[in-house]
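K.L.:
Next comes the structure file query_0.cif, holding mmCIF, C-alpha atoms.
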data_start
#
loop_
_atom_site.label_atom_id
_atom_site.label_comp_id
_atom_site.auth_asym_id
_atom_site.auth_seq_id
_atom_site.Cartn_x
_atom_site.Cartn_y
_atom_site.Cartn_z
CA MET A 1 -16.84 -70.16 180.13
CA VAL A 2 -15.96 -73.82 180.19
CA ILE A 3 -17.07 -75.99 183.08
CA LEU A 4 -15.55 -79.39 183.74
CA LEU A 5 -18.30 -81.91 184.38
CA VAL A 6 -17.88 -85.43 185.66
CA PHE A 7 -20.27 -88.07 184.42
CA TYR A 8 -20.60 -91.61 185.58
CA LEU A 9 -21.77 -93.71 182.67
CA GLU A 10 -22.81 -97.21 183.48
CA LEU A 11 -21.80 -99.34 180.51
CA ALA A 12 -22.91 -102.89 179.80
CA ASN A 13 -19.66 -104.48 180.99
CA ALA A 14 -18.04 -101.90 183.25
CA ASN A 15 -18.41 -98.63 185.11
CA ASP A 16 -16.21 -95.96 183.58
CA LEU A 17 -15.55 -92.43 184.79
CA TRP A 18 -15.91 -89.93 181.95
CA TYR A 19 -14.82 -86.31 181.85
CA THR A 20 -16.19 -83.92 179.29
CA GLU A 21 -16.10 -80.18 178.77
CA SER A 22 -19.39 -78.40 178.69
CA ASN A 23 -20.54 -75.15 177.15
CA ASP A 24 -23.85 -73.71 175.97
CA THR A 25 -24.23 -76.26 173.16
CA ASN A 26 -22.61 -79.31 174.73
CA THR A 27 -24.11 -80.65 177.93
CA GLY A 28 -22.38 -84.01 177.86
CA GLY A 29 -25.37 -86.17 177.02
CA ILE A 30 -27.87 -84.50 179.35
CA ASN A 31 -31.20 -83.83 177.60
CA LEU A 32 -30.01 -85.86 174.66
CA LYS A 33 -32.08 -86.13 171.45
CA LEU A 34 -31.46 -89.77 170.66
CA ILE A 35 -32.20 -91.61 167.40
CA VAL A 36 -32.13 -95.42 167.21
CA CYS A 37 -33.22 -98.21 164.85
CA LEU A 38 -34.90 -101.23 166.47
CA ASP A 39 -36.27 -104.56 165.37
CA ASP A 40 -39.53 -106.04 166.72
CA ARG A 41 -37.79 -107.34 169.86
CA GLY A 42 -35.97 -104.09 170.66
CA GLY A 43 -32.72 -105.34 169.15
CA MET A 44 -30.19 -102.72 168.01
CA ALA A 45 -27.11 -104.62 166.90
CA PHE A 46 -25.57 -108.05 166.48
CA ASN A 47 -21.88 -108.78 167.01
CA ARG A 48 -21.11 -105.02 167.17
CA ARG A 49 -22.70 -104.44 163.74
CA ARG A 50 -25.93 -102.77 162.68
CA GLN A 51 -28.86 -105.10 162.06
CA SER A 52 -29.85 -103.53 158.77
CA ARG A 53 -29.74 -100.30 156.82
CA ASP A 54 -32.02 -98.50 154.43
CA ARG A 55 -31.30 -95.58 152.11
CA ILE A 56 -34.78 -94.02 152.48
CA LEU A 57 -34.53 -94.23 156.28
CA ILE A 58 -31.25 -92.29 156.18
CA GLU A 59 -32.86 -89.64 153.95
CA ASN A 60 -35.75 -89.37 156.42
CA LEU A 61 -33.32 -89.09 159.34
CA VAL A 62 -31.39 -86.29 157.58
CA GLN A 63 -34.67 -84.38 157.05
CA HIS A 64 -35.67 -84.99 160.69
CA VAL A 65 -32.39 -83.55 162.01
CA GLY A 66 -32.55 -80.53 159.68
CA THR A 67 -29.84 -77.99 160.45
CA ALA A 68 -29.03 -79.34 163.93
CA ARG A 69 -25.79 -81.18 164.62
CA LEU A 70 -25.87 -84.95 164.34
CA TYR A 71 -23.32 -86.86 166.43
CA VAL A 72 -22.35 -90.35 165.25
CA THR A 73 -19.51 -92.82 165.56
CA PRO A 74 -17.03 -93.22 162.68
CA TYR A 75 -18.76 -96.57 161.94
CA THR A 76 -22.14 -94.84 161.49
CA ALA A 77 -20.75 -91.79 159.63
CA LYS A 78 -20.28 -93.91 156.49
CA LEU A 79 -24.08 -94.06 156.09
CA PHE A 80 -24.22 -90.29 155.53
CA ARG A 81 -21.71 -89.93 152.71
CA GLY A 82 -23.18 -87.69 150.04
CA HIS A 83 -25.73 -86.08 152.39
CA VAL A 84 -25.58 -82.42 153.34
CA LEU A 85 -25.85 -82.08 157.12
CA ASP A 86 -23.92 -80.91 160.17
CA LEU A 87 -22.34 -84.29 160.95
CA TRP A 88 -19.97 -84.68 163.91
CA GLU A 89 -17.93 -87.86 164.06
CA THR A 90 -16.80 -88.97 167.53
CA ASP A 91 -16.06 -92.14 169.44
CA THR A 92 -18.43 -91.01 172.23
CA PRO A 93 -21.51 -89.45 170.60
CA LEU A 94 -23.76 -90.17 173.59
CA LEU A 95 -21.48 -88.03 175.73
CA ASP A 96 -20.58 -85.35 173.20
CA ALA A 97 -24.01 -84.35 171.87
CA GLY A 98 -25.53 -81.28 173.50
CA SER A 99 -29.15 -80.46 174.29
CA THR A 100 -29.80 -78.92 170.84
CA ASP A 101 -28.00 -81.73 168.99
CA TYR A 102 -29.07 -85.18 167.85
CA CYS A 103 -27.23 -88.44 168.42
CA PHE A 104 -27.80 -91.43 166.14
CA SER A 105 -26.62 -94.51 168.00
CA GLU A 106 -26.60 -97.89 166.31
CA LEU A 107 -24.56 -99.90 168.81
CA GLU A 108 -25.38 -98.57 172.28
CA ALA A 109 -28.05 -96.72 174.23
CA PRO A 110 -27.65 -94.48 177.25
CA SER A 111 -27.92 -96.35 180.52
CA HIS A 112 -30.29 -93.83 182.11
CA GLU A 113 -33.50 -92.48 180.58
CA ALA A 114 -32.97 -89.24 182.57
CA ASP A 115 -30.29 -88.33 180.00
CA VAL A 116 -32.76 -88.46 177.08
CA SER A 117 -35.28 -85.67 176.43
CA GLU A 118 -36.40 -86.83 172.98
CA LEU A 119 -36.24 -90.26 171.40
CA THR A 120 -36.78 -91.03 167.72
CA VAL A 121 -37.22 -94.73 167.02
CA TYR A 122 -37.13 -96.18 163.53
CA ARG A 123 -38.68 -99.65 163.65
CA TRP A 124 -37.68 -102.19 161.04
CA ASN A 125 -40.90 -104.19 161.59
CA ARG A 126 -38.85 -107.37 161.32
CA HIS A 127 -37.01 -109.80 163.57
CA TYR A 128 -33.22 -109.76 163.32
CA PRO A 129 -30.56 -111.53 165.37
CA SER A 130 -29.38 -109.22 168.14
CA ASP A 131 -27.11 -109.22 171.15
CA THR A 132 -27.52 -105.51 171.94
CA VAL A 133 -31.04 -104.63 173.07
CA PHE A 134 -32.52 -101.19 173.68
CA SER A 135 -33.51 -101.14 177.34
CA LEU A 136 -34.56 -97.60 178.25
CA ASN A 137 -37.79 -97.35 180.21
CA LEU A 138 -40.19 -95.20 178.19
CA SER A 139 -42.78 -94.73 180.96
CA ASP A 140 -41.77 -91.06 181.39
CA PHE A 141 -42.09 -90.41 177.66
CA THR A 142 -45.13 -89.52 175.57
CA LEU A 143 -45.52 -90.68 171.98
CA ALA A 144 -45.63 -87.38 170.04
CA SER A 145 -45.96 -88.80 166.51
CA THR A 146 -45.95 -91.97 164.47
CA THR A 147 -45.44 -92.20 160.72
CA GLU A 148 -44.92 -95.12 158.37
CA PHE A 149 -43.09 -95.12 155.07
CA VAL A 150 -41.75 -97.56 152.52
CA GLY A 151 -37.99 -97.95 152.61
CA SER A 152 -35.57 -98.93 149.88
CA SER A 153 -35.12 -102.41 151.36
CA HIS A 154 -38.03 -102.63 153.82
CA GLU A 155 -41.74 -102.77 152.96
CA LYS A 156 -42.64 -100.74 156.04
CA ILE A 157 -40.56 -98.63 158.42
CA THR A 158 -42.28 -97.03 161.39
CA LYS A 159 -40.93 -93.78 162.80
CA GLU A 160 -41.91 -92.90 166.37
CA VAL A 161 -40.99 -89.65 168.12
CA TRP A 162 -41.15 -89.81 171.92
CA LYS A 163 -40.82 -86.73 174.17
CA LYS A 164 -40.58 -86.13 177.90
#
How does this structure look as structure tokens?

P.N.:
Amino acid sequence: MVILLVFYLELANANDLWYTESNDTNTGGINLKLIVCLDDRGGMAFNRRRQSRDRILIENLVQHVGTARLYVTPYTAKLFRGHVLDLWETDTPLLDAGSTDYCFSELEAPSHEADVSELTVYRWNRHYPSDTVFSLNLSDFTLASTTEFVGSSHEKITKEVWKK
């Protein structure tokens, strides 16, 4: 049974009305498992481009997601070439990922923390130029785990998993 759901998504520059179909695996961004990469100031992107990338981080992310679906934009999908995973390319991954799926967003974050049930943050432990900043309030989240590892181009990457 397909239910038509209407979502109001408050974007940085405009309010847009979004329609999405929902079923058992797609809840239109509600209870989203979000993955982001942040610099020391919470920066995500600069001039609509990722701040950095790291091969070992991508391998860690693939292991973290496991057999679940991973929703990404076509821009981000290029990072996963050669990796075996259930990758779903879409222009609206924050809306399309369901409650059992993951969404790796490099260029935008959901506008409401109520939409996110789990947040995985990879921290670059560096300062980069940024004009897109992660702004979700994490006061309703609990830090479930923290691990550090050496990346291919970063001396230290910190992985934090936050849960509601």

K.L.:
Applied to the shown file, which residues does the PyMOL selection byres ((chain A and resi 153-159) around 12) return, written as a PyMOL selection string?

P.N.:
chain A and resi 35-40+52-58+60-61+64+119-126+143-152+160-162

K.L.:
Please measure the separation of atom CA of Glu118 of chain A and atom CA of Asp86 of chain A, giving the value in Å to one decimal.

P.N.:
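Taking atom CA of Glu118 of chain A and atom CA of Asp86 of chain A, their separation equals 18.8 Å.
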
K.L.:
If you take every atom of segment 123-129 of chain A that the file lists and fit an axis-aligned box around them with 3 Å extra on each side, what centre and edge lengths come out in Å to one decimal, as JSON?

P.N.:
{"center_x": -35.7, "center_y": -105.6, "center_z": 163.2, "size_x": 16.3, "size_y": 17.9, "size_z": 10.3}

K.L.:
Would you compute the distance between atom CA of Leu32 of chain A and atom CA of Arg49 of chain A? Give it in Å to one decimal.

P.N.:
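These two atoms are separated by 22.8 Å.
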
K.L.:
Grab the atom CA of Lys33 of chain A to atom CA of Arg81 of chain A distance for me, in Å with one decimal place.

P.N.:
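Taking atom CA of Lys33 of chain A and atom CA of Arg81 of chain A, their separation equals 21.8 Å.
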
K.L.:
Return as a PyMOL selection string the set of residues that the PyMOL selection byres ((chain A and resi 92) around 10) yields on the displayed structure.

P.N.:
chain A and resi 28-29+71-74+89-91+93-97+103+105

K.L.:
Here is a test: counting only C-alpha atoms, which residue of A:Val133, A:Arg41, A:Asn47, A:Leu34 is nearest to Thr100 of chain A?

P.N.:
A:Leu34

K.L.:
On this structure, which residues satisfy the PyMOL selection byres ((chain A and resi 45) around 8), written as an NGL selection string?

P.N.:
:A and (43-44 or 46-51 or 106-107 or 129-133)

K.L.:
Under the rule that only C-alpha atoms are counted, which of A:Thr67, A:Asn31, A:Leu87, A:Leu136 is the nearest residue to Pro110 of chain A?

P.N.:
A:Leu136
